[in-house]
Amino acid sequence: MTTSSAPGKVYLFGEHAVVYGEPAVPCAIERRARVTVERREDERLRVRANDLTLDGFTVTWGGETDTRPDVDVPAPLVEAATGYIDGAIAQALDAAGEPAAGFDVTVESDIPLGAGLGSSAAVVVAGIDAATRELGAELSSEELADRAYQVEYDVQDGQASRADTFCSAMGGAVRVQGEDCRRLGEVPTLPFVVGYDGNTGDTGELVAGVRELKHTYGFAADAVESIGDLVRAGEAALRDGDVEELGRLMDFNHGLLSALGVSARSLDTMVWAAREADALGAKLTGAGGGGCIVALDRTEQTHTALEYTPGCTDAFRAELDTEGVRVER
Ligand SMILES: Nc1ncnc2c1ncn2[C@@H]1O[C@H](COP(=O)(O)OP(=O)(O)OP(=O)(O)O)[C@@H](O)[C@H]1O
Ligand SMILES: C[C@@](O)(CCO)CC(=O)[O-]
Ligand SMILES: [Mg+2]
């Protein structure tokens, strides 16, 4: 039996535009998905999934006798969850050079699901690591990130960046542009506060929506490029340790994401609550459509304001996690 864990993330800036080759800066946060993998006698997969926002469910599928999942929860939820786990196991089998093997998989996660904090990347990265180790092999963090990206790419219908998976595998603050993925060395202390509306957004659908807008309107394509420009300005601010400037750029980034149609009333409400509480800046994080915002605030004011904001179901401080994927036992 092997357990590995990997962190979720917030985007300081650059989500969505990163899918089209612009740079992005995601930062790993101290909220993890833990995946436990145990080899089975047969070739089936049995998954027990538990999440903050889910009561949990168990599903068994695959093998020679029966390929249909056997479950008691709504089909879309199962398809979503099985896609990531299936992909992670397939990558591990390939990495270990094993043609087939069955596993019992348990997922425990403190990352709200589908909320912009990279739960999918964390589950995939931890899943590949645990399953590969269970098969007696071991991958570098870079190889893990690469294989996890392949899984996100498939599940998101060929529209994914390497940002979430690289960040989850490596930890810390990272910069991703196309295939160029690197960890940022020294970054100033980033006082992240997260607000969560209890909702989810479908990453694949939201990415497809931006792609459509970009094809239809030149100015939507310009907005995507502008996000790239502000990320480059943000990199300079990071080097200078200018946290106030980072905040202003986050505000700008939210405006552009909103123009690209990926915000939501609940996200805008939390962003404005943070701004009115004198946060240095605030924006949605991840795919959007519902889920989380991230603000920068050295004081307790944003946290308190979010706790009293209608529609915000959870507010918490998020510390940068400098550690990426790790084996737990
Ligand atoms: N605890 C979990 N157990 C099983 N599957 C999970 C768990 N957490 C996440 N997942 C998988 O990840 C999917 C959510 O991924 P999605 O990319 O839509 O959102 P996210 O990664 O949380 O946010 P974003 O990509 O915007 O940062 C779920 O539908 C499920 O398939
Ligand atoms: C929206 C997106 O940019 C981030 C989702 O967390 C999609 C991706 O990078 O694959
Ligand atoms: Mg995701």
# chains A, B, ... in the order shown; residues from 1 in each chain; ligands from 1

$ residues_near_ligand --ligand "ligand 1" --cutoff "6 Å" --atoms "only C-alpha atoms and all ligand atoms" --output "ChimeraX atom specification"
/A:49-51,80-81,84,107-109,113-121,202-203,286-287

$ residues_near_ligand --ligand "ligand 2" --cutoff "8 Å" --atoms "only C-alpha atoms and all ligand atoms" --output "PyMOL selection string"
chain A and resi 11+14-19+116-118+152-153+156+159-164+203-204+206-207+285-288

$ write_last_selection --atoms "N, CA and C atoms" --output "mmCIF file, in the first residue's frame"
data_model
loop_
_atom_site.group_PDB
_atom_site.id
_atom_site.type_symbol
_atom_site.label_atom_id
_atom_site.label_comp_id
_atom_site.auth_asym_id
_atom_site.auth_seq_id
_atom_site.Cartn_x
_atom_site.Cartn_y
_atom_site.Cartn_z
ATOM 1 N N TYR A 11 -3.938 30.791 -8.552
ATOM 2 C CA TYR A 11 -3.229 31.527 -9.600
ATOM 3 C C TYR A 11 -3.018 32.951 -9.134
ATOM 4 N N GLY A 14 -2.767 34.661 -14.653
ATOM 5 C CA GLY A 14 -2.478 34.019 -15.931
ATOM 6 C C GLY A 14 -3.323 32.830 -16.338
ATOM 7 N N GLU A 15 -4.291 32.380 -15.485
ATOM 8 C CA GLU A 15 -5.117 31.240 -15.913
ATOM 9 C C GLU A 15 -5.845 31.571 -17.218
ATOM 10 N N HIS A 16 -6.279 30.590 -17.905
ATOM 11 C CA HIS A 16 -6.924 30.663 -19.224
ATOM 12 C C HIS A 16 -5.955 31.125 -20.316
ATOM 13 N N ALA A 17 -5.331 32.311 -20.153
ATOM 14 C CA ALA A 17 -4.411 32.774 -21.201
ATOM 15 C C ALA A 17 -3.260 31.781 -21.368
ATOM 16 N N VAL A 18 -2.907 31.081 -20.286
ATOM 17 C CA VAL A 18 -1.799 30.125 -20.327
ATOM 18 C C VAL A 18 -2.086 28.978 -21.302
ATOM 19 N N VAL A 19 -3.368 28.702 -21.533
ATOM 20 C CA VAL A 19 -3.741 27.639 -22.480
ATOM 21 C C VAL A 19 -3.300 28.026 -23.907
ATOM 22 N N GLY A 116 -11.356 25.743 -8.622
ATOM 23 C CA GLY A 116 -10.269 26.634 -9.022
ATOM 24 C C GLY A 116 -8.999 26.473 -8.215
ATOM 25 N N LEU A 117 -8.987 25.516 -7.291
ATOM 26 C CA LEU A 117 -7.778 25.312 -6.484
ATOM 27 C C LEU A 117 -6.985 24.086 -6.965
ATOM 28 N N GLY A 118 -7.274 23.642 -8.177
ATOM 29 C CA GLY A 118 -6.453 22.585 -8.774
ATOM 30 C C GLY A 118 -6.599 21.214 -8.145
ATOM 31 N N GLU A 152 -4.600 15.504 -17.760
ATOM 32 C CA GLU A 152 -5.476 16.686 -17.775
ATOM 33 C C GLU A 152 -5.852 17.040 -19.220
ATOM 34 N N TYR A 153 -4.875 16.909 -20.111
ATOM 35 C CA TYR A 153 -5.079 17.220 -21.533
ATOM 36 C C TYR A 153 -6.190 16.339 -22.105
ATOM 37 N N GLN A 156 -9.636 17.141 -20.307
ATOM 38 C CA GLN A 156 -10.138 18.460 -20.709
ATOM 39 C C GLN A 156 -10.260 18.567 -22.238
ATOM 40 N N GLN A 159 -7.558 20.571 -24.305
ATOM 41 C CA GLN A 159 -7.354 21.997 -24.023
ATOM 42 C C GLN A 159 -6.865 22.154 -22.595
ATOM 43 N N ALA A 160 -5.566 22.074 -22.414
ATOM 44 C CA ALA A 160 -5.027 22.196 -21.057
ATOM 45 C C ALA A 160 -3.615 22.753 -21.123
ATOM 46 N N SER A 161 -3.222 23.444 -20.070
ATOM 47 C CA SER A 161 -1.842 23.896 -19.969
ATOM 48 C C SER A 161 -1.126 22.996 -18.967
ATOM 49 N N ARG A 162 0.183 23.190 -18.886
ATOM 50 C CA ARG A 162 0.981 22.414 -17.933
ATOM 51 C C ARG A 162 1.002 23.069 -16.555
ATOM 52 N N ALA A 163 0.316 24.214 -16.410
ATOM 53 C CA ALA A 163 0.477 25.026 -15.205
ATOM 54 C C ALA A 163 0.063 24.296 -13.917
ATOM 55 N N ASP A 164 -1.164 23.785 -13.875
ATOM 56 C CA ASP A 164 -1.674 23.192 -12.633
ATOM 57 C C ASP A 164 -0.847 21.976 -12.221
ATOM 58 N N THR A 203 -14.129 22.963 -15.846
ATOM 59 C CA THR A 203 -12.934 23.521 -16.486
ATOM 60 C C THR A 203 -12.986 23.366 -18.006
ATOM 61 N N GLY A 204 -13.323 22.170 -18.488
ATOM 62 C CA GLY A 204 -13.368 21.919 -19.933
ATOM 63 C C GLY A 204 -14.312 22.880 -20.642
ATOM 64 N N LEU A 206 -15.477 25.829 -19.572
ATOM 65 C CA LEU A 206 -15.051 27.228 -19.463
ATOM 66 C C LEU A 206 -13.910 27.524 -20.431
ATOM 67 N N VAL A 207 -12.984 26.587 -20.551
ATOM 68 C CA VAL A 207 -11.878 26.768 -21.491
ATOM 69 C C VAL A 207 -12.426 26.831 -22.922
ATOM 70 N N THR A 285 -9.763 32.592 -9.174
ATOM 71 C CA THR A 285 -8.612 31.733 -9.423
ATOM 72 C C THR A 285 -9.053 30.450 -10.126
ATOM 73 N N GLY A 286 -8.246 30.008 -11.084
ATOM 74 C CA GLY A 286 -8.550 28.756 -11.797
ATOM 75 C C GLY A 286 -9.516 28.998 -12.935
ATOM 76 N N ALA A 287 -10.296 27.985 -13.249
ATOM 77 C CA ALA A 287 -11.152 28.061 -14.426
ATOM 78 C C ALA A 287 -12.313 29.034 -14.264
ATOM 79 N N GLY A 288 -12.780 29.274 -13.037
ATOM 80 C CA GLY A 288 -13.883 30.215 -12.800
ATOM 81 C C GLY A 288 -15.246 29.564 -12.925
#

$ residues_around --residues "Val193 in chain A" --least-positions-apart "6" --cutoff "8 Å" --atoms "only C-alpha atoms" --output "PyMOL selection string"
chain A and resi 294-297+302-303+315-318

$ select_by_dssp --residues "range 249-284 of chain A" --states "helix (DSSP H, G or I)" --output "ChimeraX atom specification"
/A:249-259,265-276

$ residues_around --residues "Ala237 in chain A" --least-positions-apart "2" --cutoff "12 Å" --atoms "only C-alpha atoms" --output "ChimeraX atom specification"
/A:12,187-188,230-235,239-250

$ write_last_selection --atoms "C-alpha atoms" --output "compact mmCIF listing (two decimals), in the first residue's frame"
# COMPACT_ATOMS: atom_id res chain seq x y z
CA LEU A 12 -1.46 34.77 -8.76
CA VAL A 187 9.39 35.37 -3.95
CA PRO A 188 8.08 37.89 -1.41
CA LEU A 230 0.16 41.86 -17.12
CA VAL A 231 1.80 38.58 -16.11
CA ARG A 232 5.12 39.90 -17.43
CA ALA A 233 4.60 43.08 -15.38
CA GLY A 234 3.78 40.82 -12.43
CA GLU A 235 7.04 38.93 -12.82
CA ARG A 239 11.42 40.23 -8.50
CA ASP A 240 11.15 43.68 -6.87
CA GLY A 241 9.13 42.31 -3.95
CA ASP A 242 6.43 44.90 -4.78
CA VAL A 243 3.35 43.23 -3.26
CA GLU A 244 1.18 46.37 -3.71
CA GLU A 245 1.82 46.23 -7.47
CA LEU A 246 0.99 42.51 -7.49
CA GLY A 247 -2.39 43.40 -5.94
CA ARG A 248 -3.14 46.02 -8.62
CA LEU A 249 -2.27 43.53 -11.34
CA MET A 250 -4.55 40.91 -9.77

$ residues_around --residues "Gly290 in chain A" --least-positions-apart "5" --cutoff "9 Å" --atoms "only C-alpha atoms" --output "PyMOL selection string"
chain A and resi 114-116+196-202+262-267+284

$ residues_around --residues "Ala92 in chain A" --least-positions-apart "4" --cutoff "6 Å" --atoms "only C-alpha atoms" --output "list of chain:residue names"
A:Ile128, A:Ala131, A:Thr132

$ write_last_selection --atoms "N, CA and C atoms" --output "mmCIF file, in the first residue's frame"
data_model
loop_
_atom_site.group_PDB
_atom_site.id
_atom_site.type_symbol
_atom_site.label_atom_id
_atom_site.label_comp_id
_atom_site.auth_asym_id
_atom_site.auth_seq_id
_atom_site.Cartn_x
_atom_site.Cartn_y
_atom_site.Cartn_z
ATOM 1 N N ILE A 128 -0.572 9.260 -9.768
ATOM 2 C CA ILE A 128 0.495 8.655 -10.584
ATOM 3 C C ILE A 128 1.672 8.278 -9.680
ATOM 4 N N ALA A 131 0.729 5.130 -7.487
ATOM 5 C CA ALA A 131 0.585 3.890 -8.271
ATOM 6 C C ALA A 131 1.930 3.445 -8.842
ATOM 7 N N THR A 132 2.750 4.401 -9.263
ATOM 8 C CA THR A 132 4.066 4.047 -9.808
ATOM 9 C C THR A 132 4.919 3.394 -8.720
#

$ atom_distance --atom1 "CA of Val210 in chain A" --atom2 "CA of Leu260 in chain A"
6.1 Å

$ closest_residue --among "A:Glu307, A:Glu205, A:Glu186, A:Asp129" --to "ligand 3" --atoms "only C-alpha atoms and all ligand atoms"
A:Glu205

$ closest_residue --among "A:Ala220, A:Cys167, A:Ala208, A:Leu184" --to "Tyr149 in chain A" --atoms "only C-alpha atoms"
A:Cys167

$ closest_residue --among "A:Ala122, A:Ile293, A:Ile85, A:Val47" --to "Trp272 in chain A" --atoms "only C-alpha atoms"
A:Ile293

$ atom_distance --atom1 "CA of Gly102 in chain A" --atom2 "CA of Arg329 in chain A"
19.9 Å

$ closest_residue --among "A:Thr2, A:Gly291, A:Gly255, A:Arg40" --to "ligand 3" --atoms "only C-alpha atoms and all ligand atoms"
A:Gly291

$ residues_around --residues "Gly171 in chain A" --least-positions-apart "5" --cutoff "8 Å" --atoms "only C-alpha atoms" --output "PyMOL selection string"
chain A and resi 7+27-29+321-325
